[in-house]
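Trainee: Structure file coords_28.cif, mmCIF, C-alpha atoms and all ligand atoms, is pasted below:
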```cif
data_coords
#
loop_
_atom_site.label_atom_id
_atom_site.label_comp_id
_atom_site.auth_asym_id
_atom_site.auth_seq_id
_atom_site.Cartn_x
_atom_site.Cartn_y
_atom_site.Cartn_z
CA VAL K 1 -9.94 -7.60 -16.53
CA THR K 2 -7.09 -6.36 -18.69
CA ALA K 3 -5.33 -3.01 -18.70
CA GLY K 4 -6.84 -1.99 -22.01
CA GLU K 5 -10.40 -2.88 -21.13
CA ALA K 6 -12.78 0.11 -20.95
CA ALA K 7 -14.25 0.87 -17.53
CA PRO K 8 -17.99 0.27 -17.18
CA LEU K 9 -18.63 3.96 -16.47
CA ASP K 10 -17.12 7.41 -17.08
CA PRO K 11 -18.35 9.49 -14.14
CA VAL K 12 -15.47 12.02 -14.10
CA ARG K 13 -13.75 13.06 -17.34
CA TRP K 14 -12.05 16.09 -18.86
CA ARG K 15 -13.77 16.88 -22.15
CA ASP K 16 -13.36 19.93 -24.40
CA GLY K 17 -11.87 22.17 -21.73
CA ALA K 18 -14.44 21.33 -19.06
CA LEU K 19 -14.98 18.78 -16.31
CA ARG K 20 -17.73 16.45 -17.44
CA LEU K 21 -19.53 14.57 -14.68
CA ILE K 22 -22.29 12.01 -14.69
CA ASP K 23 -24.97 13.89 -12.75
CA GLN K 24 -25.60 11.24 -10.14
CA ARG K 25 -28.60 13.12 -8.72
CA ARG K 26 -30.51 12.25 -11.87
CA LEU K 27 -29.92 8.50 -11.73
CA PRO K 28 -31.50 6.07 -12.21
CA GLY K 29 -34.05 8.04 -14.23
CA GLU K 30 -31.59 9.56 -16.65
CA LEU K 31 -27.91 9.17 -17.56
CA ALA K 32 -27.18 12.88 -17.93
CA TYR K 33 -23.84 14.69 -17.90
CA LEU K 34 -23.06 17.93 -16.13
CA GLU K 35 -20.38 20.26 -17.54
CA CYS K 36 -18.41 22.25 -14.98
CA ARG K 37 -16.41 25.18 -16.33
CA THR K 38 -15.67 27.00 -13.07
CA VAL K 39 -14.24 26.12 -9.67
CA ASP K 40 -17.52 27.08 -8.03
CA ALA K 41 -19.45 24.73 -10.31
CA VAL K 42 -17.14 21.85 -9.31
CA ALA K 43 -17.41 22.76 -5.61
CA GLU K 44 -21.20 22.85 -5.88
CA ALA K 45 -21.29 19.50 -7.73
CA ILE K 46 -19.28 17.91 -4.90
CA ARG K 47 -21.40 19.52 -2.19
CA ASN K 48 -24.74 18.54 -3.73
CA LEU K 49 -23.55 15.00 -4.65
CA ALA K 50 -23.82 15.39 -8.42
CA VAL K 51 -20.39 13.74 -8.11
CA ARG K 52 -19.86 11.55 -5.06
CA GLY K 53 -17.88 8.62 -3.75
CA ALA K 54 -14.44 9.21 -2.27
CA PRO K 55 -12.19 8.52 -5.30
CA ALA K 56 -14.49 10.35 -7.75
CA ILE K 57 -14.49 13.42 -5.51
CA GLY K 58 -10.68 13.39 -5.41
CA VAL K 59 -10.38 13.30 -9.19
CA ALA K 60 -13.11 15.96 -9.68
CA ALA K 61 -11.35 18.29 -7.23
CA ALA K 62 -8.05 17.87 -9.08
CA TYR K 63 -9.67 19.00 -12.33
CA GLY K 64 -11.32 21.81 -10.33
CA VAL K 65 -7.84 23.17 -9.51
CA LEU K 66 -6.99 23.03 -13.22
CA LEU K 67 -10.19 24.96 -14.01
CA GLY K 68 -9.19 27.63 -11.48
CA ALA K 69 -5.83 28.09 -13.18
CA GLU K 70 -7.34 28.11 -16.68
CA THR K 71 -10.02 30.65 -15.81
CA ALA K 72 -7.40 33.03 -14.41
CA ALA K 73 -5.09 32.58 -17.41
CA ARG K 74 -7.92 33.36 -19.83
CA ALA K 75 -8.63 36.58 -17.93
CA GLY K 76 -4.94 37.56 -18.19
CA LYS K 77 -4.33 36.86 -14.48
CA ASP K 78 -1.66 34.80 -12.74
CA PRO K 79 -2.90 31.16 -12.73
CA MET K 80 -0.71 30.13 -9.78
CA PRO K 81 -2.56 31.96 -6.95
CA ALA K 82 -5.88 31.20 -8.65
CA ALA K 83 -5.11 27.46 -8.56
CA ARG K 84 -4.17 27.69 -4.88
CA GLU K 85 -7.39 29.55 -4.12
CA ALA K 86 -9.33 26.87 -6.04
CA ALA K 87 -7.75 24.19 -3.85
CA ARG K 88 -8.81 26.13 -0.75
CA VAL K 89 -12.42 26.42 -1.99
CA LEU K 90 -12.62 22.75 -2.98
CA ALA K 91 -11.14 21.57 0.35
CA ALA K 92 -14.12 23.13 2.14
CA THR K 93 -16.76 21.12 0.25
CA ARG K 94 -16.93 17.82 2.15
CA PRO K 95 -14.85 16.80 5.20
CA THR K 96 -14.79 13.00 5.46
CA ALA K 97 -13.49 11.44 2.23
CA VAL K 98 -9.72 11.83 2.49
CA ASN K 99 -9.30 11.25 -1.26
CA LEU K 100 -10.50 14.84 -1.73
CA PHE K 101 -7.54 16.12 0.28
CA ALA K 102 -5.15 13.60 -1.25
CA GLY K 103 -6.16 14.77 -4.75
CA LEU K 104 -5.77 18.43 -3.80
CA ALA K 105 -2.40 17.73 -2.18
CA ARG K 106 -1.18 16.17 -5.42
CA MET K 107 -2.24 19.27 -7.36
CA GLU K 108 -0.60 21.55 -4.79
CA ALA K 109 2.61 19.56 -5.08
CA ALA K 110 2.40 19.99 -8.87
CA LEU K 111 1.98 23.74 -8.31
CA ASP K 112 5.02 23.80 -6.02
CA ALA K 113 7.08 21.97 -8.61
CA GLY K 114 5.79 23.96 -11.60
CA SER K 115 6.63 27.38 -12.97
CA ALA K 116 4.31 29.91 -14.59
CA ARG K 117 5.46 28.68 -18.01
CA GLY K 118 3.63 25.54 -19.01
CA LEU K 119 1.70 25.50 -15.74
CA LEU K 120 -1.64 24.64 -17.33
CA ASP K 121 -0.20 21.63 -19.18
CA HIS K 122 1.56 20.55 -16.04
CA LEU K 123 -1.66 20.67 -13.98
CA ARG K 124 -3.61 18.93 -16.72
CA ARG K 125 -1.07 16.08 -16.79
CA GLU K 126 -1.26 15.67 -13.01
CA ALA K 127 -5.08 15.54 -12.95
CA ASP K 128 -5.07 13.06 -15.87
CA ARG K 129 -2.53 10.97 -13.98
CA LEU K 130 -4.79 10.85 -10.92
CA LEU K 131 -7.65 9.58 -13.06
CA GLU K 132 -5.43 7.00 -14.78
CA GLU K 133 -4.13 5.81 -11.43
CA ASP K 134 -7.66 5.45 -10.15
CA LEU K 135 -8.65 3.33 -13.16
CA LEU K 136 -5.60 1.10 -12.71
CA THR K 137 -6.31 0.85 -8.99
CA GLY K 138 -9.87 -0.29 -9.67
CA ARG K 139 -8.59 -3.13 -11.86
CA ARG K 140 -6.09 -4.20 -9.23
CA ILE K 141 -8.70 -4.11 -6.48
CA ALA K 142 -10.86 -6.31 -8.73
CA GLU K 143 -8.08 -8.89 -9.03
CA HIS K 144 -7.20 -8.94 -5.35
CA GLY K 145 -10.86 -8.97 -4.39
CA LEU K 146 -11.49 -12.05 -6.52
CA GLY K 147 -9.10 -13.92 -4.23
CA VAL K 148 -11.24 -13.40 -1.12
CA LEU K 149 -14.64 -14.20 -2.59
CA PRO K 150 -15.98 -17.37 -0.94
CA ALA K 151 -16.81 -20.40 -3.08
CA GLY K 152 -20.42 -21.18 -3.92
CA GLU K 153 -22.96 -20.55 -6.65
CA PRO K 154 -24.55 -18.13 -6.73
CA LEU K 155 -22.18 -16.04 -4.65
CA ARG K 156 -24.35 -13.91 -2.36
CA VAL K 157 -22.85 -10.49 -1.60
CA LEU K 158 -24.22 -7.69 0.54
CA THR K 159 -23.06 -4.11 -0.01
CA HIS K 160 -23.98 -0.72 1.38
CA CYS K 161 -24.13 2.66 -0.36
CA ASN K 162 -22.41 2.84 -3.75
CA ALA K 163 -18.74 1.95 -4.08
CA GLY K 164 -19.01 1.16 -7.76
CA GLY K 165 -17.91 2.66 -11.03
CA LEU K 166 -19.94 5.78 -10.31
CA ALA K 167 -18.01 6.46 -7.11
CA THR K 168 -14.59 6.29 -8.79
CA GLY K 169 -12.97 6.89 -12.16
CA GLY K 170 -15.07 4.02 -13.53
CA TRP K 171 -14.25 0.58 -12.09
CA GLY K 172 -15.28 1.02 -8.49
CA THR K 173 -13.87 -0.47 -5.31
CA ALA K 174 -16.35 -2.76 -3.53
CA LEU K 175 -18.11 -3.54 -6.82
CA ALA K 176 -14.91 -3.99 -8.86
CA PRO K 177 -14.36 -7.64 -7.82
CA LEU K 178 -18.03 -8.31 -8.57
CA TYR K 179 -17.70 -6.97 -12.11
CA ALA K 180 -14.63 -9.17 -12.54
CA ALA K 181 -16.38 -12.25 -11.12
CA HIS K 182 -19.38 -11.64 -13.38
CA ARG K 183 -17.14 -11.31 -16.43
CA SER K 184 -15.46 -14.58 -15.56
CA GLY K 185 -18.87 -16.28 -15.67
CA ARG K 186 -19.51 -16.60 -11.95
CA ARG K 187 -23.16 -16.44 -10.88
CA LEU K 188 -23.80 -13.61 -8.39
CA GLU K 189 -26.64 -12.36 -6.29
CA VAL K 190 -25.98 -8.88 -4.92
CA PHE K 191 -28.00 -7.37 -2.10
CA ALA K 192 -27.89 -3.58 -2.08
CA ASN K 193 -28.98 -1.71 1.02
CA GLU K 194 -31.08 1.21 -0.18
CA THR K 195 -28.90 3.62 1.88
CA ARG K 196 -31.03 6.26 3.52
CA PRO K 197 -31.36 9.19 3.27
CA LEU K 198 -29.98 9.71 -0.25
CA TRP K 199 -30.57 6.24 -1.68
CA GLN K 200 -27.11 5.61 -3.16
CA GLY K 201 -27.80 1.86 -2.92
CA ALA K 202 -31.29 1.83 -4.41
CA ARG K 203 -30.56 4.47 -7.05
CA LEU K 204 -26.91 3.99 -7.97
CA THR K 205 -25.68 0.52 -7.01
CA ALA K 206 -28.87 -1.09 -8.29
CA TRP K 207 -28.61 0.93 -11.52
CA GLU K 208 -25.00 0.16 -12.35
CA LEU K 209 -25.17 -3.54 -11.44
CA SER K 210 -28.36 -4.22 -13.34
CA ARG K 211 -26.95 -2.29 -16.31
CA ALA K 212 -24.03 -4.72 -16.24
CA GLY K 213 -26.39 -7.71 -16.11
CA ILE K 214 -25.66 -8.56 -12.46
CA PRO K 215 -28.77 -9.57 -10.51
CA VAL K 216 -29.40 -7.15 -7.66
CA THR K 217 -31.95 -7.13 -4.85
CA VAL K 218 -32.60 -3.89 -2.97
CA LEU K 219 -33.53 -3.99 0.71
CA VAL K 220 -34.27 -1.34 3.31
CA ASP K 221 -31.22 -0.67 5.46
CA GLY K 222 -32.99 -2.14 8.49
CA ALA K 223 -33.45 -5.50 6.75
CA ALA K 224 -29.72 -6.20 6.34
CA SER K 225 -29.35 -7.71 9.82
CA LEU K 226 -32.21 -10.15 9.19
CA LEU K 227 -30.74 -11.13 5.82
CA LEU K 228 -27.40 -11.84 7.50
CA ALA K 229 -28.97 -13.64 10.46
CA ARG K 230 -30.88 -15.92 8.09
CA GLY K 231 -27.64 -17.04 6.45
CA ARG K 232 -28.47 -15.49 3.10
CA VAL K 233 -25.13 -13.67 2.64
CA ASP K 234 -21.70 -15.24 1.94
CA VAL K 235 -19.65 -12.05 2.14
CA VAL K 236 -20.08 -8.32 2.80
CA ILE K 237 -17.98 -5.85 0.81
CA VAL K 238 -18.22 -2.09 1.27
CA GLY K 239 -16.13 0.91 0.23
CA ALA K 240 -14.54 3.52 2.47
CA ASP K 241 -14.18 7.26 2.77
CA ARG K 242 -11.23 7.21 5.15
CA VAL K 243 -9.26 4.44 6.81
CA ALA K 244 -7.29 5.31 9.94
CA ARG K 245 -3.84 3.87 10.68
CA ASN K 246 -5.30 1.27 13.03
CA GLY K 247 -7.88 0.18 10.43
CA ASP K 248 -10.95 1.95 11.83
CA THR K 249 -12.92 2.75 8.69
CA ALA K 250 -15.34 5.57 7.90
CA ASN K 251 -17.98 4.77 5.30
CA LYS K 252 -21.59 5.69 4.57
CA ILE K 253 -23.88 5.90 7.58
CA GLY K 254 -25.30 2.46 8.27
CA THR K 255 -22.08 0.57 7.53
CA LEU K 256 -21.30 0.03 11.23
CA GLY K 257 -24.66 -1.67 11.77
CA VAL K 258 -24.00 -3.99 8.83
CA ALA K 259 -20.54 -4.86 10.21
CA LEU K 260 -21.98 -5.65 13.66
CA ALA K 261 -24.70 -7.83 12.18
CA ALA K 262 -22.16 -9.58 9.94
CA ARG K 263 -19.95 -10.37 12.94
CA HIS K 264 -22.97 -11.70 14.83
CA ALA K 265 -23.87 -13.91 11.87
CA GLY K 266 -20.27 -15.05 11.29
CA VAL K 267 -20.14 -13.55 7.78
CA PRO K 268 -16.81 -12.07 6.57
CA PHE K 269 -16.87 -8.28 6.20
CA TYR K 270 -14.34 -6.66 3.82
CA VAL K 271 -13.54 -3.05 2.96
CA ALA K 272 -12.34 -2.31 -0.58
CA ALA K 273 -10.44 0.94 -0.99
CA PRO K 274 -7.43 2.44 -2.77
CA LEU K 275 -4.40 3.41 -0.66
CA SER K 276 -5.39 7.05 -1.30
CA THR K 277 -8.31 6.42 1.10
CA PHE K 278 -5.91 5.51 3.93
CA ASP K 279 -5.01 8.47 6.09
CA PRO K 280 -1.59 8.15 7.69
CA ARG K 281 -2.41 11.20 9.79
CA ALA K 282 -5.47 9.61 11.45
CA PRO K 283 -4.32 7.26 14.22
CA ASP K 284 -7.82 5.85 14.77
CA GLY K 285 -11.48 6.36 13.97
CA ALA K 286 -11.97 9.05 16.61
CA SER K 287 -9.77 11.37 14.57
CA ILE K 288 -11.88 11.06 11.39
CA PRO K 289 -14.18 14.08 10.84
CA ILE K 290 -17.76 13.01 10.19
CA GLU K 291 -19.83 15.15 7.85
CA GLU K 292 -23.25 16.16 9.12
CA ARG K 293 -25.64 17.14 6.36
CA ALA K 294 -28.89 19.11 6.18
CA GLU K 295 -31.80 17.99 8.35
CA ALA K 296 -34.10 18.28 5.35
CA GLU K 297 -32.42 15.24 3.73
CA VAL K 298 -33.80 13.09 6.54
CA LEU K 299 -37.09 14.78 7.28
CA GLY K 300 -38.33 15.19 3.71
CA SER K 301 -42.08 15.45 3.77
CA GLN K 302 -42.51 12.45 6.09
CA ALA K 303 -41.92 13.96 9.51
CA PRO K 304 -44.26 16.44 11.16
CA PRO K 305 -43.27 20.09 11.06
CA GLY K 306 -41.09 21.26 13.92
CA VAL K 307 -39.17 18.02 14.62
CA ARG K 308 -35.42 18.00 14.29
CA ALA K 309 -33.22 15.50 12.47
CA TRP K 310 -29.67 14.29 13.01
CA ASN K 311 -28.00 13.50 9.70
CA PRO K 312 -24.45 12.16 9.98
CA ALA K 313 -23.38 11.10 6.49
CA PHE K 314 -20.81 8.53 7.69
CA ASP K 315 -20.01 6.22 10.57
CA VAL K 316 -16.86 4.47 11.69
CA THR K 317 -16.51 0.69 11.77
CA PRO K 318 -13.87 -0.48 14.26
CA ALA K 319 -10.97 -2.36 12.71
CA GLY K 320 -11.80 -5.47 14.75
CA LEU K 321 -14.99 -6.04 12.73
CA ILE K 322 -13.15 -6.00 9.39
CA ARG K 323 -11.63 -9.20 7.93
CA GLY K 324 -9.40 -7.40 5.41
CA TRP K 325 -8.88 -4.26 3.33
CA ILE K 326 -8.86 -5.02 -0.40
CA THR K 327 -6.44 -2.55 -1.99
CA GLU K 328 -4.43 -2.19 -5.18
CA VAL K 329 -1.42 -3.80 -3.47
CA GLY K 330 -3.26 -6.77 -2.01
CA VAL K 331 -5.60 -7.64 0.84
CA LEU K 332 -4.13 -5.88 3.86
CA ARG K 333 -4.37 -5.82 7.62
CA PRO K 334 -2.87 -3.08 9.82
CA PRO K 335 -0.13 -1.89 9.85
CA PHE K 336 -0.75 -0.63 6.32
CA PRO K 337 2.04 0.17 3.83
CA LEU K 338 1.63 3.94 3.94
CA PRO K 339 4.09 6.81 3.63
CA GLY K 340 5.39 7.82 7.03
CA THR K 341 4.41 4.54 8.70
CA GLY K 342 7.71 2.77 8.15
CA THR K 343 6.39 0.46 5.43
CA THR K 344 6.19 0.95 1.68
CA PRO K 345 3.65 -0.29 -0.85
CA ALA K 346 4.73 -3.47 -2.60
CA PRO K 347 4.86 -3.17 -6.40
CA ASP K 348 2.01 -5.07 -8.02
CA PRO K 349 2.23 -5.02 -11.79
CA VAL K 350 -0.97 -5.46 -13.76
CA ASP K 351 -0.79 -6.75 -17.35
O1 LIG J 401 -21.92 10.54 0.51
P1 LIG J 401 -21.31 9.68 -0.56
O2 LIG J 401 -22.31 9.13 -1.51
O3 LIG J 401 -20.16 10.40 -1.25
O4 LIG J 401 -20.69 8.46 0.25
C1 LIG J 401 -20.01 7.47 -0.48
C2 LIG J 401 -19.58 6.30 0.31
O5 LIG J 401 -19.77 6.23 1.50
C3 LIG J 401 -18.82 5.24 -0.43
O6 LIG J 401 -19.03 3.98 0.14
C4 LIG J 401 -17.31 5.57 -0.37
O7 LIG J 401 -17.07 6.88 -0.78
C5 LIG J 401 -16.51 4.63 -1.18
S1 LIG J 401 -16.64 4.97 -2.90
C6 LIG J 401 -15.61 3.93 -3.76
#
```
Transcribe the structure of this file into structure tokens.
Mentor:
Amino acid sequence: VTAGEAAPLDPVRWRDGALRLIDQRRLPGELAYLECRTVDAVAEAIRNLAVRGAPAIGVAAAYGVLLGAETAARAGKDPMPAAREAARVLAATRPTAVNLFAGLARMEAALDAGSARGLLDHLRREADRLLEEDLLTGRRIAEHGLGVLPAGEPLRVLTHCNAGGLATGGWGTALAPLYAAHRSGRRLEVFANETRPLWQGARLTAWELSRAGIPVTVLVDGAASLLLARGRVDVVIVGADRVARNGDTANKIGTLGVALAARHAGVPFYVAAPLSTFDPRAPDGASIPIEERAEAEVLGSQAPPGVRAWNPAFDVTPAGLIRGWITEVGVLRPPFPLPGTGTTPAPDPVD
């Protein structure tokens, strides 16, 4: 993968004065784009998962702040307070993925550093930079991830949820090394847990991998432990929504079960995530807020009327179950090179 190579997908882009998103609710049936022209439209798109995946949410929110400033300026109002209010609204959309807050913090820092003159250009540059950084990060994660893939043909990989191009600026995290391996001619067999209740694995991971020509087999979430126990997986790679300082990692509900089954089967379990997913303020998994979503997402029309559902969107895998964290600066183990933790990220130039 080279720096100039186009990403497989363009889920979050600024086009013609609006935030253009791939509407992930409509996949795999239709590759349709959603245009957001207001802060509320961006907030709603994040809440209802039209845009989803930790890095993609962070980039979308950054452009949402820009939209807030632009809307105010067009109405002859002060864009500065409007941008700050946009950040407040967007911060309340989803609680777990720390990239959302990291993206908003970057925009707020740009606001602090900016003046009313040229503010819109300044915010636009910062949001564009976030997207560019994400694309570069995806390519670096791909390269570092290649180094941990076990030998063997075909390489059999299990993943959960969608940590692919759709969930980021376009390259993905957990799927980025798989795209790179595929491009280098390696034969792959990817198992995608369907990921109840919103089917990110069956709908999104299966769609983007098969679109890229990578063979993918979908299984019900409950079948992953049997697949692992039967020795049919060489490596597990998942994404993350927030990694605590000690390495405890929040990711889509069901990830913890996969990690436990992988440990039992002796299969290496890796997390792939940009450093923006690491939260220096979370000492461990207990301090990561877990989103609970609507009961209706679980009950659908299957359960009898009157029963309740519990619908946590994420779980936390203890650091001890994770072999390594594939990041843009290499495959890490705690302590991570994060601001405020006494270590600094090592430079890692990409061609
Ligand atoms: O609820 P979602 O679909 O936003 O959850 C997404 C995940 O759990 C992903 O695995 C995670 O955000 C990593 S995306 C590179």
Trainee: Using all atoms listed in the file, find the one residue out of K:Ser287, K:Thr217, K:Thr168, K:Thr327 that sits nearest to Ile141 in chain K.
Mentor: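 For Ile141 in chain K, the nearest of the given residues is K:Thr327.
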Trainee: Residues within 7 Å of ligand LIG 401 (chain J) (all atoms listed in the file), as a ChimeraX atom specification?
Mentor: /K:49,52-55,97,160-164,167-168,172-174,200,238-241,251-252,273,313-314
Trainee: Those residues you just picked out, can you put them in a file as a PDB file, in the frame of the given file with C-alpha atoms?
Mentor:
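Saved result, selection.pdb, follows:
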```pdb
ATOM      1  CA  LEU K  49     -23.550  15.000  -4.650  1.00  0.00           C
ATOM      2  CA  ARG K  52     -19.860  11.550  -5.060  1.00  0.00           C
ATOM      3  CA  GLY K  53     -17.880   8.620  -3.750  1.00  0.00           C
ATOM      4  CA  ALA K  54     -14.440   9.210  -2.270  1.00  0.00           C
ATOM      5  CA  PRO K  55     -12.190   8.520  -5.300  1.00  0.00           C
ATOM      6  CA  ALA K  97     -13.490  11.440   2.230  1.00  0.00           C
ATOM      7  CA  HIS K 160     -23.980  -0.720   1.380  1.00  0.00           C
ATOM      8  CA  CYS K 161     -24.130   2.660  -0.360  1.00  0.00           C
ATOM      9  CA  ASN K 162     -22.410   2.840  -3.750  1.00  0.00           C
ATOM     10  CA  ALA K 163     -18.740   1.950  -4.080  1.00  0.00           C
ATOM     11  CA  GLY K 164     -19.010   1.160  -7.760  1.00  0.00           C
ATOM     12  CA  ALA K 167     -18.010   6.460  -7.110  1.00  0.00           C
ATOM     13  CA  THR K 168     -14.590   6.290  -8.790  1.00  0.00           C
ATOM     14  CA  GLY K 172     -15.280   1.020  -8.490  1.00  0.00           C
ATOM     15  CA  THR K 173     -13.870  -0.470  -5.310  1.00  0.00           C
ATOM     16  CA  ALA K 174     -16.350  -2.760  -3.530  1.00  0.00           C
ATOM     17  CA  GLN K 200     -27.110   5.610  -3.160  1.00  0.00           C
ATOM     18  CA  VAL K 238     -18.220  -2.090   1.270  1.00  0.00           C
ATOM     19  CA  GLY K 239     -16.130   0.910   0.230  1.00  0.00           C
ATOM     20  CA  ALA K 240     -14.540   3.520   2.470  1.00  0.00           C
ATOM     21  CA  ASP K 241     -14.180   7.260   2.770  1.00  0.00           C
ATOM     22  CA  ASN K 251     -17.980   4.770   5.300  1.00  0.00           C
ATOM     23  CA  LYS K 252     -21.590   5.690   4.570  1.00  0.00           C
ATOM     24  CA  ALA K 273     -10.440   0.940  -0.990  1.00  0.00           C
ATOM     25  CA  ALA K 313     -23.380  11.100   6.490  1.00  0.00           C
ATOM     26  CA  PHE K 314     -20.810   8.530   7.690  1.00  0.00           C
TER      27      PHE K 314
END
```
Trainee: For a quick check of understanding, using only C-alpha atoms, which of K:Phe269, K:Tyr33, K:Phe336, K:Tyr63 has the smallest distance to Leu256 in chain K?
Mentor: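 Of K:Phe269, K:Tyr33, K:Phe336, K:Tyr63, the one nearest Leu256 in chain K is K:Phe269, counting only C-alpha atoms.
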Trainee: Ser225 in chain K: which residues within 9 Å, counting only C-alpha atoms, same-chain residues fewer than 3 positions away excluded, as a tab-separated table (two decimals) with C-alpha atoms, in the coordinates of the input?
Mentor:
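Writing the result to part_3.tsv gives the following:
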```tsv
chain	number	residue	atom	x	y	z
K	221	ASP	CA	-31.22	-0.67	5.46
K	222	GLY	CA	-32.99	-2.14	8.49
K	228	LEU	CA	-27.40	-11.84	7.50
K	229	ALA	CA	-28.97	-13.64	10.46
K	230	ARG	CA	-30.88	-15.92	8.09
K	257	GLY	CA	-24.66	-1.67	11.77
K	258	VAL	CA	-24.00	-3.99	8.83
K	260	LEU	CA	-21.98	-5.65	13.66
K	261	ALA	CA	-24.70	-7.83	12.18
K	262	ALA	CA	-22.16	-9.58	9.94
K	265	ALA	CA	-23.87	-13.91	11.87
```
Trainee: Using all atoms listed in the file, can you tell me which of K:Ala43, K:Ala61, K:Leu31, K:Ala92 comes closest to Ala127 in chain K?
Mentor: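 Looking at the shortest contact to Ala127 in chain K, the residue is K:Ala61.
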Trainee: Got a sec: who's within 12 Å of Ala72 in chain K, counting all atoms listed in the file, leaving out chain neighbours fewer than 4 positions off, as a list in words?
Mentor: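 What passes the distance filter is Thr38, Val39, Val65, Leu66, Leu67, Gly68, Gly76, Lys77, Asp78, Pro79, Met80, Pro81, Ala82, Ala83, Arg84, Glu85, Ala86, Leu119 and Leu120 of chain K.
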Trainee: Which residue gives the smallest distance to Tyr179 in chain K among K:Val271, K:Ala294, K:Leu146, K:Leu299, with only C-alpha atoms counted?
Mentor: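 Nearest to Tyr179 in chain K: K:Leu146.
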Trainee: Name the closest residue to Glu70 in chain K among the candidates K:Pro8, K:Arg37, K:Arg281, K:Ile214; distances are taken between atoms, counting only C-alpha atoms.
Mentor: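 Ranked by minimum distance to Glu70 in chain K, first place goes to K:Arg37.
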